[in-house]
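J.: coords14.txt is reproduced below (compact mmCIF, C-alpha atoms).
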```
# COMPACT_ATOMS: atom_id res chain seq x y z
CA MET A 477 -14.08 42.79 -124.89
CA SER A 478 -16.78 44.29 -127.05
CA VAL A 479 -17.75 42.70 -130.35
CA GLY A 480 -20.88 44.72 -130.82
CA THR A 481 -20.05 46.81 -133.91
CA GLY A 482 -20.03 45.79 -137.55
CA GLY A 483 -16.54 47.26 -138.05
CA ALA A 484 -15.08 45.15 -135.26
CA HIS A 485 -16.72 42.02 -136.67
CA SER A 486 -15.35 42.74 -140.12
CA ALA A 487 -11.93 43.02 -138.55
CA LEU A 488 -12.38 39.75 -136.75
CA ARG A 489 -13.10 37.77 -139.87
CA ALA A 490 -10.01 39.14 -141.60
CA ARG A 491 -7.04 36.85 -141.29
CA ASP A 492 -3.44 37.02 -142.39
CA ALA A 493 -1.51 34.66 -144.65
CA ARG A 494 -1.42 31.91 -142.02
CA GLY A 495 -4.50 30.32 -143.54
CA THR A 496 -7.07 30.90 -140.77
CA SER A 497 -9.69 32.71 -142.87
CA ALA A 498 -12.32 31.02 -144.93
CA PRO A 499 -11.87 30.91 -148.73
CA GLY A 500 -13.65 33.63 -150.63
CA HIS A 501 -13.52 36.29 -147.89
CA ASP A 502 -11.59 39.55 -147.91
CA ASP A 503 -8.36 39.19 -145.94
CA THR A 504 -7.82 42.94 -145.69
CA ALA A 505 -11.10 43.97 -144.08
CA GLY A 506 -9.55 44.51 -140.64
CA ALA A 507 -6.11 45.67 -141.72
CA GLY A 508 -6.94 49.31 -140.97
CA LEU A 509 -7.76 48.48 -137.35
CA GLY A 510 -4.71 46.31 -136.87
CA ILE A 511 -6.72 43.59 -135.11
CA ASP A 512 -5.53 40.02 -135.30
CA PRO A 513 -8.02 37.61 -133.68
CA ASP A 514 -5.11 35.39 -132.63
CA ASP A 515 -3.96 38.21 -130.35
CA LEU A 516 -7.21 38.12 -128.36
CA PRO A 517 -7.17 36.27 -125.01
CA ASP A 518 -10.64 34.73 -125.47
CA GLY A 519 -11.72 32.22 -128.07
CA ILE A 520 -13.49 33.92 -131.00
CA VAL A 521 -15.58 32.04 -133.54
CA VAL A 522 -17.40 33.96 -136.29
CA ALA A 523 -20.01 32.48 -138.64
CA ASP A 524 -21.32 34.31 -141.74
CA GLU A 525 -24.90 34.80 -142.91
CA SER A 526 -25.07 31.20 -144.12
CA GLY A 527 -23.95 29.83 -140.75
CA ARG A 528 -20.46 28.77 -141.87
CA VAL A 529 -17.37 29.51 -139.80
CA VAL A 530 -15.19 32.27 -141.27
CA CYS A 531 -12.99 32.94 -138.24
CA PHE A 532 -11.63 30.51 -135.65
CA ASN A 533 -8.83 32.12 -133.66
CA ALA A 534 -5.94 30.49 -131.83
CA ALA A 535 -7.61 30.73 -128.41
CA ALA A 536 -10.72 28.97 -129.77
CA ALA A 537 -8.53 26.21 -131.18
CA ARG A 538 -6.79 25.84 -127.80
CA ILE A 539 -10.02 25.79 -125.79
CA THR A 540 -11.89 23.38 -128.08
CA ALA A 541 -8.87 21.27 -129.14
CA VAL A 542 -10.08 21.66 -132.75
CA PRO A 543 -7.51 22.94 -135.28
CA ALA A 544 -8.58 26.17 -137.00
CA GLY A 545 -8.04 24.62 -140.42
CA GLU A 546 -10.61 21.93 -139.67
CA ALA A 547 -13.21 24.32 -138.30
CA LEU A 548 -13.14 26.96 -141.06
CA GLY A 549 -15.90 26.46 -143.61
CA LEU A 550 -17.91 24.10 -141.39
CA ARG A 551 -21.37 24.99 -140.21
CA LEU A 552 -21.35 26.57 -136.77
CA GLU A 553 -23.10 23.64 -135.08
CA ALA A 554 -20.53 21.23 -136.57
CA ALA A 555 -17.48 23.31 -135.64
CA LEU A 556 -18.88 23.94 -132.13
CA PRO A 557 -21.11 20.97 -131.20
CA LEU A 558 -22.15 22.48 -127.87
CA GLU A 559 -24.66 21.04 -125.41
CA ASP A 560 -26.22 22.60 -122.34
CA LEU A 561 -25.85 21.02 -118.90
CA GLU A 562 -28.99 18.95 -119.51
CA GLY A 563 -27.61 17.41 -122.72
CA ARG A 564 -29.64 19.46 -125.22
CA ARG A 565 -27.97 20.59 -128.47
CA TRP A 566 -27.31 24.26 -127.99
CA TRP A 567 -27.61 25.59 -131.54
CA GLN A 568 -30.89 23.76 -132.13
CA LEU A 569 -32.16 25.20 -128.85
CA THR A 570 -31.16 28.81 -129.56
CA ASP A 571 -31.56 28.85 -133.39
CA PRO A 572 -29.66 32.12 -133.99
CA TYR A 573 -30.57 32.37 -137.70
CA GLY A 574 -34.22 31.33 -137.56
CA GLY A 575 -35.30 32.49 -134.11
CA LEU A 576 -36.91 35.72 -133.00
CA ALA A 577 -35.74 38.68 -135.08
CA ILE A 578 -35.48 40.92 -132.01
CA ARG A 579 -32.77 38.83 -130.33
CA ASN A 580 -29.23 40.21 -130.44
CA GLY A 581 -27.32 37.43 -128.73
CA GLN A 582 -26.97 35.01 -125.84
CA PRO A 583 -25.61 35.89 -122.36
CA GLU A 584 -22.61 34.03 -121.00
CA ARG A 585 -23.39 30.57 -119.68
CA ASN A 586 -21.77 27.22 -119.02
CA LEU A 587 -21.95 24.77 -121.92
CA LEU A 588 -20.33 21.42 -122.68
CA LEU A 589 -17.96 20.40 -125.45
CA PRO A 590 -17.87 16.80 -126.70
CA GLY A 591 -16.38 14.71 -123.93
CA GLY A 592 -18.06 16.76 -121.22
CA ARG A 593 -15.54 19.58 -120.90
CA GLU A 594 -17.24 22.71 -119.55
CA ILE A 595 -16.61 26.16 -121.06
CA LEU A 596 -18.18 29.62 -120.84
CA VAL A 597 -19.95 30.73 -124.02
CA SER A 598 -21.58 34.00 -125.05
CA ALA A 599 -22.81 35.05 -128.50
CA ARG A 600 -23.70 38.20 -130.39
CA TYR A 601 -26.00 38.26 -133.42
CA VAL A 602 -25.02 41.00 -135.89
CA ARG A 603 -27.89 42.36 -138.02
CA THR A 604 -27.93 45.07 -140.70
CA HIS A 605 -30.88 46.67 -138.87
CA PRO A 606 -32.59 45.80 -135.54
CA THR A 607 -35.04 43.23 -136.90
CA GLY A 608 -33.19 42.26 -140.07
CA PRO A 609 -31.64 38.88 -140.87
CA VAL A 610 -28.52 37.75 -139.03
CA ARG A 611 -25.44 38.68 -141.03
CA ARG A 612 -22.92 37.29 -138.62
CA VAL A 613 -22.80 35.30 -135.36
CA VAL A 614 -19.85 36.08 -133.10
CA VAL A 615 -19.20 33.54 -130.36
CA CYS A 616 -16.87 34.16 -127.39
CA LEU A 617 -15.36 31.14 -125.60
CA ARG A 618 -13.66 31.15 -122.22
CA ASP A 619 -11.98 28.42 -120.26
CA THR A 620 -13.58 27.81 -116.87
CA GLU A 621 -10.40 26.75 -115.07
CA ALA A 622 -9.78 30.13 -113.41
CA ARG A 623 -13.40 30.30 -112.27
CA ARG A 624 -13.19 26.75 -110.99
CA ARG A 625 -10.11 27.63 -108.93
CA THR A 626 -12.02 30.54 -107.42
CA GLU A 627 -15.01 28.33 -106.67
CA ARG A 628 -12.75 25.71 -105.07
CA SER A 629 -11.15 28.44 -102.96
CA HIS A 630 -14.57 29.64 -101.82
CA ALA A 631 -15.67 26.08 -101.07
CA GLU A 632 -12.51 25.49 -99.06
CA LEU A 633 -13.08 28.71 -97.15
CA ILE A 634 -16.64 27.66 -96.29
CA ALA A 635 -15.47 24.21 -95.18
CA THR A 636 -12.70 25.70 -93.04
CA VAL A 637 -15.07 28.19 -91.43
CA ALA A 638 -17.65 25.49 -90.72
CA HIS A 639 -14.98 23.31 -89.11
CA GLU A 640 -13.52 26.14 -87.04
CA LEU A 641 -16.93 27.33 -85.85
CA ARG A 642 -18.27 23.91 -84.95
CA SER A 643 -15.80 23.19 -82.16
CA PRO A 644 -16.19 26.38 -80.08
CA LEU A 645 -19.93 26.57 -80.65
CA THR A 646 -20.33 22.96 -79.51
CA SER A 647 -18.40 23.84 -76.36
CA VAL A 648 -20.45 26.97 -75.72
CA LYS A 649 -23.72 25.11 -76.24
CA GLY A 650 -22.65 22.22 -74.02
CA PHE A 651 -21.45 24.31 -71.08
CA THR A 652 -24.38 26.75 -71.16
CA ALA A 653 -26.92 23.92 -71.38
CA THR A 654 -25.23 22.13 -68.48
CA LEU A 655 -25.13 25.26 -66.32
CA LEU A 656 -28.79 26.05 -67.02
CA ALA A 657 -29.92 22.51 -66.21
CA LYS A 658 -27.75 21.85 -63.14
CA TRP A 659 -26.71 25.23 -61.81
CA GLU A 660 -27.18 24.31 -58.11
CA ARG A 661 -25.03 21.19 -58.36
CA PHE A 662 -21.79 23.01 -59.24
CA THR A 663 -19.45 24.85 -56.95
CA ASP A 664 -18.46 28.44 -57.64
CA ASP A 665 -15.06 27.31 -58.90
CA GLN A 666 -16.65 24.86 -61.34
CA LYS A 667 -19.05 27.54 -62.59
CA LYS A 668 -16.16 29.95 -63.04
CA LEU A 669 -14.17 27.39 -65.05
CA MET A 670 -17.10 26.68 -67.34
CA LEU A 671 -17.83 30.37 -67.90
CA GLU A 672 -14.15 31.08 -68.61
CA THR A 673 -14.21 28.31 -71.22
CA VAL A 674 -17.36 29.75 -72.78
CA ASP A 675 -15.75 33.21 -72.83
CA ALA A 676 -12.58 31.89 -74.51
CA ASP A 677 -14.59 30.02 -77.15
CA ALA A 678 -16.75 33.08 -77.81
CA ASN A 679 -13.56 35.10 -78.35
CA ARG A 680 -12.37 32.43 -80.79
CA VAL A 681 -15.59 32.74 -82.80
CA THR A 682 -15.31 36.54 -82.76
CA ARG A 683 -11.73 36.38 -84.09
CA LEU A 684 -12.76 34.02 -86.88
CA ILE A 685 -15.61 36.30 -87.94
CA ALA A 686 -13.22 39.27 -87.90
CA GLU A 687 -10.82 37.32 -90.14
CA LEU A 688 -13.61 36.55 -92.60
CA LEU A 689 -14.62 40.20 -92.75
CA ASP A 690 -10.99 41.18 -93.37
CA ILE A 691 -10.69 38.64 -96.19
CA SER A 692 -13.89 39.93 -97.77
CA ARG A 693 -12.61 43.52 -97.66
CA ILE A 694 -9.16 42.54 -98.99
CA ASP A 695 -10.57 40.50 -101.87
CA SER A 696 -12.98 43.27 -102.86
CA GLY A 697 -10.42 46.07 -102.44
CA ARG A 698 -12.50 47.71 -99.69
CA LEU A 699 -10.06 47.42 -96.78
CA GLU A 700 -10.07 50.85 -95.15
CA VAL A 701 -6.86 52.32 -93.74
CA ARG A 702 -7.36 55.15 -91.21
CA ARG A 703 -3.94 56.75 -90.96
CA GLN A 704 -2.72 58.27 -87.71
CA PRO A 705 0.74 58.88 -86.23
CA VAL A 706 2.03 55.51 -84.99
CA ASP A 707 4.96 54.84 -82.66
CA ILE A 708 5.92 51.47 -84.10
CA GLY A 709 8.60 50.83 -81.46
CA ALA A 710 6.13 51.37 -78.62
CA ALA A 711 3.59 49.15 -80.39
CA VAL A 712 6.09 46.28 -80.56
CA GLY A 713 6.99 46.86 -76.92
CA ARG A 714 3.34 46.49 -75.86
CA HIS A 715 3.08 43.12 -77.58
CA ILE A 716 6.25 41.89 -75.87
CA GLN A 717 4.99 43.06 -72.46
CA ALA A 718 1.72 41.20 -73.01
CA TYR A 719 3.58 37.94 -73.71
CA VAL A 720 5.80 38.40 -70.65
CA ALA A 721 2.74 39.10 -68.51
CA SER A 722 1.15 35.86 -69.77
CA GLY A 723 4.15 33.77 -68.69
CA GLN A 724 6.73 33.96 -71.47
CA PRO A 725 10.29 34.60 -70.18
CA ALA A 726 11.41 38.18 -70.80
CA ASP A 727 14.76 37.02 -72.18
CA ARG A 728 13.02 35.21 -75.04
CA PHE A 729 12.42 38.56 -76.76
CA LEU A 730 14.99 40.93 -78.22
CA LEU A 731 13.77 44.32 -79.47
CA ARG A 732 16.22 46.45 -81.43
CA ILE A 733 15.17 49.91 -82.61
CA GLU A 734 17.40 51.96 -84.85
CA GLN A 735 16.96 55.65 -84.12
CA PRO A 736 15.90 58.10 -85.33
CA LEU A 737 12.76 56.62 -86.86
CA PRO A 738 10.86 58.79 -89.35
CA ALA A 739 7.27 59.81 -88.58
CA LEU A 740 4.97 56.92 -89.50
CA TRP A 741 1.35 57.46 -90.47
CA ALA A 742 -0.59 54.21 -90.49
CA ASP A 743 -3.72 52.56 -89.13
CA PRO A 744 -2.74 51.68 -85.53
CA ASP A 745 -5.29 48.87 -85.21
CA LYS A 746 -4.17 47.29 -88.49
CA VAL A 747 -0.49 47.61 -87.53
CA ASP A 748 -1.25 45.92 -84.20
CA GLN A 749 -2.97 43.11 -86.12
CA VAL A 750 0.11 42.58 -88.28
CA LEU A 751 2.50 42.64 -85.30
CA SER A 752 0.27 40.32 -83.28
CA ASN A 753 0.16 37.71 -86.04
CA LEU A 754 3.89 37.76 -86.82
CA ILE A 755 5.04 37.71 -83.19
CA GLU A 756 2.50 35.02 -82.25
CA ASN A 757 3.72 32.84 -85.13
CA ALA A 758 7.33 33.27 -83.97
CA VAL A 759 6.41 32.39 -80.36
CA ARG A 760 4.14 29.43 -81.20
CA HIS A 761 5.94 27.87 -84.14
CA GLY A 762 9.51 29.07 -83.65
CA GLU A 763 12.12 28.39 -81.02
CA GLY A 764 14.80 30.28 -79.15
CA THR A 765 14.96 34.07 -79.09
CA VAL A 766 12.33 36.05 -80.98
CA THR A 767 14.08 39.10 -82.42
CA ILE A 768 12.20 42.18 -83.61
CA ASP A 769 14.21 44.79 -85.52
CA VAL A 770 12.67 48.20 -86.27
CA ALA A 771 14.66 50.46 -88.56
CA PRO A 772 14.33 53.27 -91.10
CA SER A 773 14.91 52.26 -94.69
CA THR A 774 14.11 53.20 -98.29
CA SER A 775 11.69 51.59 -100.70
CA PRO A 776 13.38 48.81 -102.68
CA ARG A 777 11.18 49.64 -105.67
CA GLU A 778 12.01 53.32 -105.97
CA ARG A 779 14.95 55.66 -105.51
CA PRO A 780 14.75 58.21 -102.73
CA ASP A 781 14.30 61.81 -103.76
CA GLU A 782 16.97 64.48 -103.42
CA GLU A 783 16.19 64.97 -99.73
CA GLY A 784 16.11 61.25 -99.14
CA THR A 785 12.66 61.29 -97.52
CA ALA A 786 9.99 60.91 -100.21
CA ASN A 787 10.40 57.15 -100.52
CA ALA A 788 11.38 56.46 -96.92
CA VAL A 789 9.86 53.44 -95.19
CA THR A 790 9.94 51.90 -91.76
CA SER A 791 10.92 48.24 -91.81
CA VAL A 792 10.02 45.70 -89.14
CA THR A 793 11.70 42.29 -89.11
CA VAL A 794 10.47 39.42 -86.90
CA SER A 795 12.71 36.36 -86.72
CA ASP A 796 13.18 33.29 -84.55
CA GLU A 797 15.69 30.47 -84.12
CA GLY A 798 13.49 27.48 -84.95
CA THR A 799 13.59 25.13 -87.91
CA GLY A 800 12.22 27.78 -90.27
CA ILE A 801 9.99 27.37 -93.29
CA PRO A 802 10.94 24.80 -95.94
CA GLU A 803 12.26 26.36 -99.13
CA GLU A 804 9.54 24.75 -101.24
CA SER A 805 6.84 26.38 -99.06
CA MET A 806 8.18 29.93 -99.21
CA ASN A 807 6.03 30.92 -102.19
CA ARG A 808 2.83 29.67 -100.48
CA VAL A 809 3.23 31.33 -97.10
CA PHE A 810 0.92 34.27 -97.86
CA THR A 811 -1.80 32.23 -99.55
CA ARG A 812 -5.07 31.23 -97.94
CA PHE A 813 -5.08 28.20 -95.64
CA TRP A 814 -1.32 27.80 -95.54
CA ARG A 815 -0.25 26.33 -92.22
CA GLY A 816 3.35 26.03 -91.12
CA SER A 817 2.55 23.20 -88.70
CA LYS A 818 -0.32 21.06 -87.48
CA ARG A 819 -0.85 23.17 -84.37
CA GLY A 820 -4.26 24.44 -85.39
CA GLY A 821 -5.30 27.81 -86.73
CA THR A 822 -7.28 28.70 -89.82
CA GLY A 823 -4.29 29.41 -92.06
CA LEU A 824 -5.76 32.83 -92.89
CA GLY A 825 -3.55 35.05 -90.72
CA LEU A 826 -0.64 35.64 -93.08
CA TYR A 827 -2.97 36.16 -96.03
CA ILE A 828 -4.64 38.95 -94.04
CA VAL A 829 -1.27 40.36 -92.94
CA LYS A 830 -0.15 40.66 -96.55
CA GLY A 831 -3.42 42.37 -97.48
CA ILE A 832 -3.08 44.90 -94.65
CA VAL A 833 0.55 45.73 -95.46
CA GLU A 834 -0.20 46.17 -99.17
CA ALA A 835 -3.25 48.32 -98.37
CA HIS A 836 -0.79 50.70 -96.66
CA GLY A 837 1.38 50.70 -99.79
CA GLY A 838 4.04 48.52 -98.15
CA THR A 839 5.62 45.17 -98.88
CA ILE A 840 6.14 41.95 -96.93
CA THR A 841 8.62 39.14 -97.54
CA VAL A 842 9.62 35.87 -95.89
CA GLY A 843 13.01 34.24 -95.73
CA ARG A 844 15.44 32.39 -93.49
CA ALA A 845 16.73 34.15 -90.38
CA PRO A 846 20.46 34.24 -89.50
CA GLY A 847 19.66 31.89 -86.60
CA GLY A 848 18.02 29.37 -88.93
CA GLY A 849 14.39 30.15 -88.22
CA ALA A 850 11.77 32.06 -90.17
CA GLU A 851 12.21 35.75 -90.88
CA PHE A 852 9.32 38.01 -91.85
CA ARG A 853 10.06 41.57 -92.92
CA PHE A 854 7.46 44.19 -93.75
CA THR A 855 7.80 47.83 -94.68
CA LEU A 856 5.39 50.73 -94.32
CA PRO A 857 5.75 54.05 -96.18
CA VAL A 858 6.30 57.05 -93.90
CA GLY A 859 5.49 60.72 -94.18
CA THR A 860 2.34 62.78 -93.71
CA PRO A 861 -0.56 61.73 -95.95
CA ALA A 862 -1.20 64.04 -98.89
CA TYR A 863 -4.65 65.08 -97.63
CA LEU A 864 -3.07 66.59 -94.50
CA LEU A 865 -0.45 68.64 -96.33
```
For this file, write the structure as structure tokens.

T.:
Amino acid sequence: MSVGTGGAHSALRARDARGTSAPGHDDTAGAGLGIDPDDLPDGIVVADESGRVVCFNAAAARITAVPAGEALGLRLEAALPLEDLEGRRWWQLTDPYGGLAIRNGQPERNLLLPGGREILVSARYVRTHPTGPVRRVVVCLRDTEARRRTERSHAELIATVAHELRSPLTSVKGFTATLLAKWERFTDDQKKLMLETVDADANRVTRLIAELLDISRIDSGRLEVRRQPVDIGAAVGRHIQAYVASGQPADRFLLRIEQPLPALWADPDKVDQVLSNLIENAVRHGEGTVTIDVAPSTSPRERPDEEGTANAVTSVTVSDEGTGIPEESMNRVFTRFWRGSKRGGTGLGLYIVKGIVEAHGGTITVGRAPGGGAEFRFTLPVGTPAYLL
């Protein structure tokens, strides 16, 4: 939000008949712009040339817990008794009215309200000409709760990564140090076992780093999707064959493909990542038969066009017959660090799956399967990309 022009500031000090403007000021100054400070999402406090508060909007009252009626007419330092993080009085430190005439404001920073509550504060000094006296001080207040949640999320991510990296790296360091120091004392079978363990732990570290890179790209909106023709049925079949080859019974998997499937253009590597995560979750955390249904469908958000193809999607449903996901956890399944059980894992997989599906323009949902277990269903739009037409 910009508060850098005199017209906008005049509008901000204008208030309606609810009694939130200071006595003696024009209540129609901003009527032409139709701006009501109470409609603004951030706290706005405006002080006039004498340093007295002439505007104190609803968001400012909510953030500071000071009623607007009490703040109006007070001097700025009394209405907003702010301190910096070292306990210094902020208005004495910055001196907006008596400081350098070339200053036009204060950048956003963390300051403290009485009682120690932290908020984000920025200020703009309005002058009639660049080095003239301050005619108005406009202060913007923001609650820090959203930023704190983000910081906690980042801290939790760092802690999780540190924990997940420590175990495999300790193993790698221990086995390699042992082999280097006592190579001749071990048999070939013992050496092979140690090297296989090192290889598995190195793969674990590589997967974790790949997950972190995916999260970074998803959060920044930079996840690239390289679309190619994808045979989704064959892709699912390859995952099933890999599980059977590793020892899972073939009759644990049921693949049902409804033909004909429309042509699907997607990123094959990203689709494999989604399938791998969903099928692995069903195998590890579910029970009974793992059923994968692949079928043509239409977007639930839009109507198909006259030919019935413009909004076509391919849907993939992965379900099992286990205990399922508790109802109260359904809305947290696709958040960071959610774990359905205590069987390890970073809790980042489903968050990444959702990001990949949405990057393709698809949707993903979770529910209860007919057999009682968990059911994940994702859709991917079909049709040739526009740049190839």

J.: Which residues come within 12 Å of region 647-659 of chain A, counting all atoms listed in the file, excluding same-chain residues fewer than 2 positions away, as a PyMOL selection string?

T.: chain A and resi 640-645+661-664+666-681

J.: Quote the spacing between CA of Thr540 (chain A) and CA of Leu556 (chain A) in Å to one decimal place.

T.: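 If I compute the distance from CA of Thr540 (chain A) to CA of Leu556 (chain A), I get 8.1 Å.
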
J.: Grab the CA of Ile539 (chain A) to CA of Gly574 (chain A) distance for me, in Å with one decimal place.

T.: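 Separating CA of Ile539 (chain A) from CA of Gly574 (chain A) is a distance of 27.5 Å.
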
J.: Would you give me, as CSV, each residue of region 658-741 of chain A having an atom within 12 Å of an atom of region 843-857 of chain A, along with its shortest atom pair and that distance in Å to one decimal, using all atoms listed in the file and sorting by chain and residue number?

T.:
```
residue,atom,partner,partner_atom,distance
A:Arg703,CA,A:Pro857,CA,11.3
A:Val706,CA,A:Leu856,CA,11.0
A:Ile708,CA,A:Leu856,CA,10.3
A:Leu737,CA,A:Pro857,CA,11.9
A:Pro738,CA,A:Pro857,CA,9.8
A:Ala739,CA,A:Pro857,CA,9.7
A:Leu740,CA,A:Pro857,CA,7.3
A:Trp741,CA,A:Pro857,CA,8.0
```

J.: With a distance cut-off of 10 Å and all atoms listed in the file, select the neighbouring residues of Pro517 (chain A), excluding the residue or stretch itself and same-chain residues fewer than 3 positions from it, and output the selection as a short mmCIF file (atom, residue, chain, number, x, y, z; two decimals) with C-alpha atoms, keeping the file's coordinate frame.

T.:
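After the write, result.cif holds the following:
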```cif
data_model
loop_
_atom_site.label_atom_id
_atom_site.label_comp_id
_atom_site.auth_asym_id
_atom_site.auth_seq_id
_atom_site.Cartn_x
_atom_site.Cartn_y
_atom_site.Cartn_z
CA MET A 477 -14.08 42.79 -124.89
CA PRO A 513 -8.02 37.61 -133.68
CA ASP A 514 -5.11 35.39 -132.63
CA ILE A 520 -13.49 33.92 -131.00
CA ASN A 533 -8.83 32.12 -133.66
CA ALA A 534 -5.94 30.49 -131.83
CA ALA A 535 -7.61 30.73 -128.41
CA ALA A 536 -10.72 28.97 -129.77
CA LEU A 617 -15.36 31.14 -125.60
CA ARG A 618 -13.66 31.15 -122.22
#
```

J.: Which residue out of A:Val829, A:Thr636, A:Leu688, A:Leu589 has the minimum interatomic distance to Asn757 (chain A) when all atoms listed in the file are used?

T.: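 Distance minimum relative to Asn757 (chain A) lands on A:Val829.
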
J.: Counting all atoms listed in the file, what is within 12 Å of Asp745 (chain A), bar same-chain residues fewer than 6 positions away, as a list in words?

T.: Glu700, Val701, Arg702, Arg703, Gln704, Pro705, Val706, Ile708, Ala711, Leu751, Ser752 and Ile832 of chain A

J.: Counting all atoms listed in the file, which residue out of A:Val542, A:Ile691, A:Ala788, A:Val770 sits closest to Ala710 (chain A)?

T.: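 When distances to Ala710 (chain A) are compared using all atoms listed in the file, the smallest one comes from A:Val770.
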
J.: Out of A:Leu731, A:Val521, A:Ala726, A:Leu596, which residue has the shortest atom-to-atom distance to Gly713 (chain A) when counting all atoms listed in the file?

T.: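 So, comparing all the options, the nearest one is A:Leu731.
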
J.: Can you work out the spacing between CA of Gly709 (chain A) and CA of Arg732 (chain A) in Å, to one decimal?

T.: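 Pair CA of Gly709 (chain A) / CA of Arg732 (chain A) returns 8.8 Å.
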
J.: Restricting the calculation to only C-alpha atoms: of A:Val522, A:Leu558, A:Val794, A:Val759, which residue gets closest to Ala544 (chain A)?

T.: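 Checking each of A:Val522, A:Leu558, A:Val794, A:Val759 against Ala544 (chain A), counting only C-alpha atoms, the winner is A:Val522.
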
J.: Find, counting all atoms listed in the file, the residue in A:Pro609, A:Gly592, A:Pro543, A:Gly549 that gets nearest to Ile578 (chain A).

T.: A:Pro609
